[in-house]
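*Asks:* The following block contains the structure, expressed as structure tokens.
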Amino acid sequence: GFRSAQRISAIGVSEILKIGAVAQRLKRAGRPVIVLGAGEPDFDTPDHAKDAAIGAIRAGQTKYTILDGSVELKAAIAEKFRRENDLVYAADEITAGAGAKQVIHNAFMASLSPGDEVILAAPYWTSYADMVRIADGTPVDVLCREDNGFRLDAADLERAITPKTRWLLLNSPSNPTGAAYSAAQLRPILDVLKRHPHVWLMADDIYEHLTYDGMPFVTAAALEPSLKSRTLTVNGVSKAYAMTGWRVGYGGGPRELIAAMAVVQSQSTTNPSSVSQAAAIAALSGPQDVLVERRAAFQRRRDIVVDALNAIDGVSCRRPEGAFYTYASCAGLIGRRMPGGDVIDSDAAFCRFLLERHDVAVVPGSCFGLAPYFRLSYATSEQNLREALKRIAKACRELS
Ligand code: PLP
């Protein structure tokens with residue numbers, strides 16, 4: 001029979017996927033389920049990006065490109081880093097892959113040996129820990145408490161650093177909490193890293209363009225240039241330009257790291273789709289007004305969600321600075337009873353109750369490493385959100 005590799009054995013099917021499967025089953029059975037689990041904008045890819053892809057197909061740009069991104073794509077990425085982040089990277093300090101996810105995977109595969117540790121700021125995007133494990137590394141969680149704005153505390157970080165620490169992974173704005181770091185909030189973390197020169201920083205900036213209330217986005221290598229020689233700045237077109245399906249992500253970092261990442265990519269997928277690269281060039285270099293409009297729409301949705309959640313007895317929700325998620329506490333509901341008598345004893349139980357009896361799918365905080373919370377994605381219409389929040393409020397009123 002089939003025997004799976006040891007590196008896969010610690011990786012189970014996530015609760016998120018299980019909830020997704022239940023939601024799909026209920027939908028197929030005709031139930032009006034609203035799924036607030038999406039990790040992708042509901043908007044469409046900008047027309048100029050689509051047109052560039054169609055043009056590339058017609059122009060015969062349908063062959064292999066340079067392994068980790070065409071000359072033109074790397075130029076567009078370099079210009080983006082310069083224009084938006086005040087970061088200067090040469091072409092051999094830039095890599096492009098099939099999504100930010102592949103870039104992160106390449107970096108771990110290229111750098112981790114068994115026993116190497118990667119510090120993750122929990123709650124975090126669940127993929128991080130499994131990506132570390134697939135690369136034979138050891139994820140080390142550092143909890144980010146809500147009373148610290150779900151941000152990593154510098155002293156907690158310093159305590160977690162060991163001689164085996166290779167990376168700190170920071171994601172601002174964050175999936176799942178929406179928390180983002182201002183320059184002042186990032187500073188103490190970077191000061192810790194300055195004292196520990198063996199620790200590299202991976203900055204996952206994928207939600208860069210989704211910050212609200214005028215909060216400026218800052219990335220670590222720009223704020224602290226002395227760290228640039230051991231920082232990988234990761235980004236992509238998925239979230240900013242609603243281009244999740246095109247699969248283009250990129251990174252900027254020291255050329256030795258970038259070269260090692262190219263080795264990994266050369267023996268797995270080779271270049272990201274040439275057609276998608278053309279679309280990404282257009283998105284990065286074309287008109288950027290779509291970012292402003294969509295940010296405004298997301299901010300309106302965030303406020304609708306946060307206000308409605310905070311009006312529910314037993315639920316409390318911090319107003320996040322960015323991304324398109326809220327991470328609300330359901331601590332006040334734990335111990336209450338559902339109609340029929342069963343007790344809500346965890347965030348997972350609450351989420352099951354919402355889905356199975358009230359047709360709303362959200363993800364329990366336990367999936368991300370901090371309970372009892374639930375993550376709600378507001379990457380859907382205001383109408384959907386209002387209906388879903390009505391259902392959540394009604395569900396909570398049923399608890400006693
Ligand atoms: N990083 C974070 C924090 C994410 O939430 C996601 C997608 O959900 C990604 C990276 C991956 O994005 P991409 O589509 O570029 O692979």
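Ligands are numbered from 1 in the order shown, chains are lettered A, B, ... in the order of the structure tokens, and residues start at 1 in each chain.
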Using only C-alpha atoms and all ligand atoms, find each protein or nucleic acid residue lying at most 9 Å from ligand 1; present the set as a PDB file with N, CA and C atoms, in the first residue's frame.

*Replies:*
```
ATOM      1  N   ALA A  38     -13.697  33.212   2.815  1.00  0.00           N
ATOM      2  CA  ALA A  38     -12.839  33.379   1.643  1.00  0.00           C
ATOM      3  C   ALA A  38     -11.576  34.166   1.954  1.00  0.00           C
ATOM      4  N   GLY A  39     -10.475  33.691   1.383  1.00  0.00           N
ATOM      5  CA  GLY A  39      -9.215  34.418   1.492  1.00  0.00           C
ATOM      6  C   GLY A  39      -8.921  35.176   0.218  1.00  0.00           C
ATOM      7  N   GLU A  40      -9.982  35.546  -0.500  1.00  0.00           N
ATOM      8  CA  GLU A  40      -9.732  36.280  -1.743  1.00  0.00           C
ATOM      9  C   GLU A  40     -10.780  37.362  -1.934  1.00  0.00           C
ATOM     10  N   GLY A  97       7.294  33.733  -8.313  1.00  0.00           N
ATOM     11  CA  GLY A  97       6.829  32.347  -8.311  1.00  0.00           C
ATOM     12  C   GLY A  97       5.324  32.291  -8.479  1.00  0.00           C
ATOM     13  N   ALA A  98       4.795  31.079  -8.362  1.00  0.00           N
ATOM     14  CA  ALA A  98       3.353  30.879  -8.517  1.00  0.00           C
ATOM     15  C   ALA A  98       2.647  31.261  -7.218  1.00  0.00           C
ATOM     16  N   GLY A  99       2.552  32.569  -6.977  1.00  0.00           N
ATOM     17  CA  GLY A  99       1.932  33.064  -5.754  1.00  0.00           C
ATOM     18  C   GLY A  99       2.966  33.327  -4.676  1.00  0.00           C
ATOM     19  N   ALA A 100       2.581  34.192  -3.728  1.00  0.00           N
ATOM     20  CA  ALA A 100       3.437  34.423  -2.564  1.00  0.00           C
ATOM     21  C   ALA A 100       3.709  33.106  -1.862  1.00  0.00           C
ATOM     22  N   LYS A 101       2.742  32.211  -1.946  1.00  0.00           N
ATOM     23  CA  LYS A 101       2.891  30.932  -1.266  1.00  0.00           C
ATOM     24  C   LYS A 101       4.100  30.165  -1.780  1.00  0.00           C
ATOM     25  N   GLN A 102       4.294  30.142  -3.083  1.00  0.00           N
ATOM     26  CA  GLN A 102       5.458  29.428  -3.598  1.00  0.00           C
ATOM     27  C   GLN A 102       6.750  30.138  -3.195  1.00  0.00           C
ATOM     28  N   VAL A 103       6.708  31.445  -3.151  1.00  0.00           N
ATOM     29  CA  VAL A 103       7.907  32.203  -2.760  1.00  0.00           C
ATOM     30  C   VAL A 103       8.301  31.841  -1.320  1.00  0.00           C
ATOM     31  N   ILE A 104       7.308  31.776  -0.441  1.00  0.00           N
ATOM     32  CA  ILE A 104       7.579  31.426   0.959  1.00  0.00           C
ATOM     33  C   ILE A 104       8.093  29.979   1.046  1.00  0.00           C
ATOM     34  N   TYR A 124      -1.802  32.934  13.291  1.00  0.00           N
ATOM     35  CA  TYR A 124      -1.233  33.161  11.967  1.00  0.00           C
ATOM     36  C   TYR A 124      -1.931  32.311  10.917  1.00  0.00           C
ATOM     37  N   TRP A 125      -1.691  32.668   9.673  1.00  0.00           N
ATOM     38  CA  TRP A 125      -2.164  31.894   8.507  1.00  0.00           C
ATOM     39  C   TRP A 125      -1.664  30.465   8.669  1.00  0.00           C
ATOM     40  N   THR A 126      -2.596  29.520   8.735  1.00  0.00           N
ATOM     41  CA  THR A 126      -2.248  28.145   9.108  1.00  0.00           C
ATOM     42  C   THR A 126      -1.179  27.538   8.207  1.00  0.00           C
ATOM     43  N   SER A 127      -1.123  27.964   6.961  1.00  0.00           N
ATOM     44  CA  SER A 127      -0.147  27.375   6.039  1.00  0.00           C
ATOM     45  C   SER A 127       1.289  27.555   6.518  1.00  0.00           C
ATOM     46  N   TYR A 128       1.559  28.652   7.214  1.00  0.00           N
ATOM     47  CA  TYR A 128       2.953  28.906   7.606  1.00  0.00           C
ATOM     48  C   TYR A 128       3.581  27.707   8.321  1.00  0.00           C
ATOM     49  N   ASN A 171       3.607  39.044   9.435  1.00  0.00           N
ATOM     50  CA  ASN A 171       2.584  39.264   8.413  1.00  0.00           C
ATOM     51  C   ASN A 171       1.729  40.461   8.829  1.00  0.00           C
ATOM     52  N   SER A 172       1.959  41.587   8.166  1.00  0.00           N
ATOM     53  CA  SER A 172       1.231  42.826   8.485  1.00  0.00           C
ATOM     54  C   SER A 172       0.758  43.470   7.191  1.00  0.00           C
ATOM     55  N   PRO A 173      -0.529  43.788   7.084  1.00  0.00           N
ATOM     56  CA  PRO A 173      -1.651  43.385   7.920  1.00  0.00           C
ATOM     57  C   PRO A 173      -1.796  41.858   7.928  1.00  0.00           C
ATOM     58  N   SER A 174      -2.408  41.385   9.006  1.00  0.00           N
ATOM     59  CA  SER A 174      -2.383  39.955   9.282  1.00  0.00           C
ATOM     60  C   SER A 174      -3.641  39.217   8.830  1.00  0.00           C
ATOM     61  N   ASN A 175      -3.420  38.061   8.286  1.00  0.00           N
ATOM     62  CA  ASN A 175      -4.426  37.026   8.215  1.00  0.00           C
ATOM     63  C   ASN A 175      -4.091  36.108   9.384  1.00  0.00           C
ATOM     64  N   PRO A 176      -4.936  35.944  10.386  1.00  0.00           N
ATOM     65  CA  PRO A 176      -6.380  36.138  10.437  1.00  0.00           C
ATOM     66  C   PRO A 176      -6.868  37.357  11.219  1.00  0.00           C
ATOM     67  N   ASP A 204       5.817  39.131   5.217  1.00  0.00           N
ATOM     68  CA  ASP A 204       4.750  38.785   4.277  1.00  0.00           C
ATOM     69  C   ASP A 204       3.827  39.994   4.155  1.00  0.00           C
ATOM     70  N   ASP A 205       4.028  40.743   3.060  1.00  0.00           N
ATOM     71  CA  ASP A 205       3.317  42.012   2.854  1.00  0.00           C
ATOM     72  C   ASP A 205       2.123  41.872   1.924  1.00  0.00           C
ATOM     73  N   ILE A 206       1.588  40.660   1.814  1.00  0.00           N
ATOM     74  CA  ILE A 206       0.580  40.398   0.789  1.00  0.00           C
ATOM     75  C   ILE A 206      -0.664  41.297   0.939  1.00  0.00           C
ATOM     76  N   TYR A 207      -0.969  41.748   2.170  1.00  0.00           N
ATOM     77  CA  TYR A 207      -2.141  42.619   2.374  1.00  0.00           C
ATOM     78  C   TYR A 207      -1.771  44.103   2.436  1.00  0.00           C
ATOM     79  N   VAL A 234       8.172  39.689   0.980  1.00  0.00           N
ATOM     80  CA  VAL A 234       7.288  38.867   0.138  1.00  0.00           C
ATOM     81  C   VAL A 234       6.014  39.644  -0.192  1.00  0.00           C
ATOM     82  N   ASN A 235       5.593  39.537  -1.429  1.00  0.00           N
ATOM     83  CA  ASN A 235       4.365  40.221  -1.826  1.00  0.00           C
ATOM     84  C   ASN A 235       3.782  39.481  -3.028  1.00  0.00           C
ATOM     85  N   GLY A 236       2.722  40.018  -3.598  1.00  0.00           N
ATOM     86  CA  GLY A 236       2.113  39.348  -4.737  1.00  0.00           C
ATOM     87  C   GLY A 236       0.935  40.146  -5.254  1.00  0.00           C
ATOM     88  N   VAL A 237       0.371  39.700  -6.358  1.00  0.00           N
ATOM     89  CA  VAL A 237      -0.750  40.439  -6.951  1.00  0.00           C
ATOM     90  C   VAL A 237      -2.105  39.886  -6.500  1.00  0.00           C
ATOM     91  N   SER A 238      -2.112  38.771  -5.755  1.00  0.00           N
ATOM     92  CA  SER A 238      -3.377  38.101  -5.434  1.00  0.00           C
ATOM     93  C   SER A 238      -4.390  39.001  -4.744  1.00  0.00           C
ATOM     94  N   LYS A 239      -3.969  39.602  -3.638  1.00  0.00           N
ATOM     95  CA  LYS A 239      -4.953  40.313  -2.804  1.00  0.00           C
ATOM     96  C   LYS A 239      -5.135  41.744  -3.284  1.00  0.00           C
ATOM     97  N   MET A 243      -6.295  38.945  -7.988  1.00  0.00           N
ATOM     98  CA  MET A 243      -5.707  38.067  -9.005  1.00  0.00           C
ATOM     99  C   MET A 243      -5.249  36.739  -8.413  1.00  0.00           C
ATOM    100  N   THR A 244      -6.048  36.194  -7.486  1.00  0.00           N
ATOM    101  CA  THR A 244      -5.644  34.964  -6.794  1.00  0.00           C
ATOM    102  C   THR A 244      -5.434  33.794  -7.758  1.00  0.00           C
ATOM    103  N   GLY A 245      -6.238  33.731  -8.811  1.00  0.00           N
ATOM    104  CA  GLY A 245      -6.165  32.579  -9.708  1.00  0.00           C
ATOM    105  C   GLY A 245      -5.012  32.629 -10.699  1.00  0.00           C
ATOM    106  N   TRP A 246      -4.398  33.807 -10.841  1.00  0.00           N
ATOM    107  CA  TRP A 246      -3.325  33.925 -11.837  1.00  0.00           C
ATOM    108  C   TRP A 246      -2.020  33.320 -11.330  1.00  0.00           C
ATOM    109  N   ARG A 247      -1.890  33.294 -10.022  1.00  0.00           N
ATOM    110  CA  ARG A 247      -0.726  32.709  -9.350  1.00  0.00           C
ATOM    111  C   ARG A 247       0.571  33.426  -9.691  1.00  0.00           C
ATOM    112  N   VAL A 248       0.676  34.649  -9.232  1.00  0.00           N
ATOM    113  CA  VAL A 248       1.945  35.355  -9.311  1.00  0.00           C
ATOM    114  C   VAL A 248       2.231  36.020  -7.966  1.00  0.00           C
ATOM    115  N   GLY A 249       3.354  35.636  -7.368  1.00  0.00           N
ATOM    116  CA  GLY A 249       3.846  36.293  -6.160  1.00  0.00           C
ATOM    117  C   GLY A 249       5.316  36.588  -6.383  1.00  0.00           C
ATOM    118  N   TYR A 250       5.869  37.404  -5.494  1.00  0.00           N
ATOM    119  CA  TYR A 250       7.271  37.760  -5.704  1.00  0.00           C
ATOM    120  C   TYR A 250       7.929  38.094  -4.375  1.00  0.00           C
ATOM    121  N   ALA A 323      -6.230  44.189   6.081  1.00  0.00           N
ATOM    122  CA  ALA A 323      -6.660  42.922   5.470  1.00  0.00           C
ATOM    123  C   ALA A 323      -8.185  42.896   5.326  1.00  0.00           C
TER     124      ALA A 323
END
```

*Asks:* Let's see if you can do this: from backbone DSSP, list all strand (DSSP E) residues in segment 283-394 of chain A, as a list in words.

*Replies:*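 Across segment 283-394 of chain A, those assigned strand (DSSP E) are Ser316, Cys317, Tyr325, Thr326, Tyr327, Ala328, Ser329, Val360, Ala361, Val363, Pro364, Tyr373, Phe374, Arg375, Leu376 and Ser377 of chain A.
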
*Asks:* Could you please write out, as a VMD selection string, every residue of segment 327-396 of chain A that DSSP assigns to alpha helix (DSSP H)?

*Replies:* chain A and resid 347 to 358 382 to 396

*Asks:* Write the selection just made, keeping C-alpha atoms, as a short mmCIF file (atom, residue, chain, number, x, y, z; two decimals), in the first residue's frame?

*Replies:*
```cif
data_model
loop_
_atom_site.label_atom_id
_atom_site.label_comp_id
_atom_site.auth_asym_id
_atom_site.auth_seq_id
_atom_site.Cartn_x
_atom_site.Cartn_y
_atom_site.Cartn_z
CA ASP A 347 -15.02 28.32 19.38
CA ALA A 348 -15.18 25.27 17.10
CA ALA A 349 -18.51 24.26 18.70
CA PHE A 350 -19.82 27.80 18.21
CA CYS A 351 -18.78 27.77 14.54
CA ARG A 352 -20.43 24.39 14.00
CA PHE A 353 -23.62 25.74 15.60
CA LEU A 354 -23.55 28.79 13.30
CA LEU A 355 -23.05 26.66 10.23
CA GLU A 356 -25.30 23.71 10.94
CA ARG A 357 -28.23 25.64 12.41
CA HIS A 358 -27.90 29.16 11.03
CA GLU A 382 -22.40 44.35 1.99
CA GLN A 383 -25.73 42.65 1.37
CA ASN A 384 -24.28 39.22 2.16
CA LEU A 385 -22.54 40.62 5.22
CA ARG A 386 -25.70 42.24 6.60
CA GLU A 387 -27.71 39.05 6.16
CA ALA A 388 -24.95 36.92 7.72
CA LEU A 389 -24.63 39.23 10.71
CA LYS A 390 -28.39 39.11 11.26
CA ARG A 391 -28.12 35.34 11.38
CA ILE A 392 -25.18 35.40 13.77
CA ALA A 393 -27.07 37.77 16.09
CA LYS A 394 -30.13 35.56 16.00
CA ALA A 395 -28.02 32.47 16.68
CA CYS A 396 -26.45 34.12 19.72
#
```

*Asks:* Restricting the calculation to only C-alpha atoms: of A:Ala240, A:Ile54, A:Leu87, A:Val264, which residue gets closest to Glu293 of chain A?

*Replies:* A:Ala240

*Asks:* Just to confirm, what's the straight-line distance from atom CA of Gly178 of chain A to atom CA of Tyr212 of chain A in Å (one decimal)?

*Replies:* 10.2 Å

*Asks:* Tell me which protein, DNA and RNA residues are within 6 Å of Val360 of chain A, counting only C-alpha atoms, leaving out same-chain ones fewer than 6 positions away, and put them as a short mmCIF file (atom, residue, chain, number, x, y, z; two decimals) with C-alpha atoms, in the first residue's frame.

*Replies:*
```
data_model
loop_
_atom_site.label_atom_id
_atom_site.label_comp_id
_atom_site.auth_asym_id
_atom_site.auth_seq_id
_atom_site.Cartn_x
_atom_site.Cartn_y
_atom_site.Cartn_z
CA VAL A 33 -25.34 29.05 3.38
CA ILE A 34 -23.30 32.26 3.44
CA VAL A 35 -19.60 31.45 3.54
CA LEU A 354 -23.55 28.79 13.30
#
```

*Asks:* Taking 4 positions as the minimum chain separation for residues in the same chain, which residues sit within 8 Å of Ile66 of chain A when counting only C-alpha atoms? Answer as JSON, numbers by chain.

*Replies:* {"A": [70, 71, 271]}

*Asks:* Report the distance between atom CA of Ile57 of chain A and atom CA of Ser276 of chain A in Å, rounded to one decimal place.

*Replies:* 10.0 Å
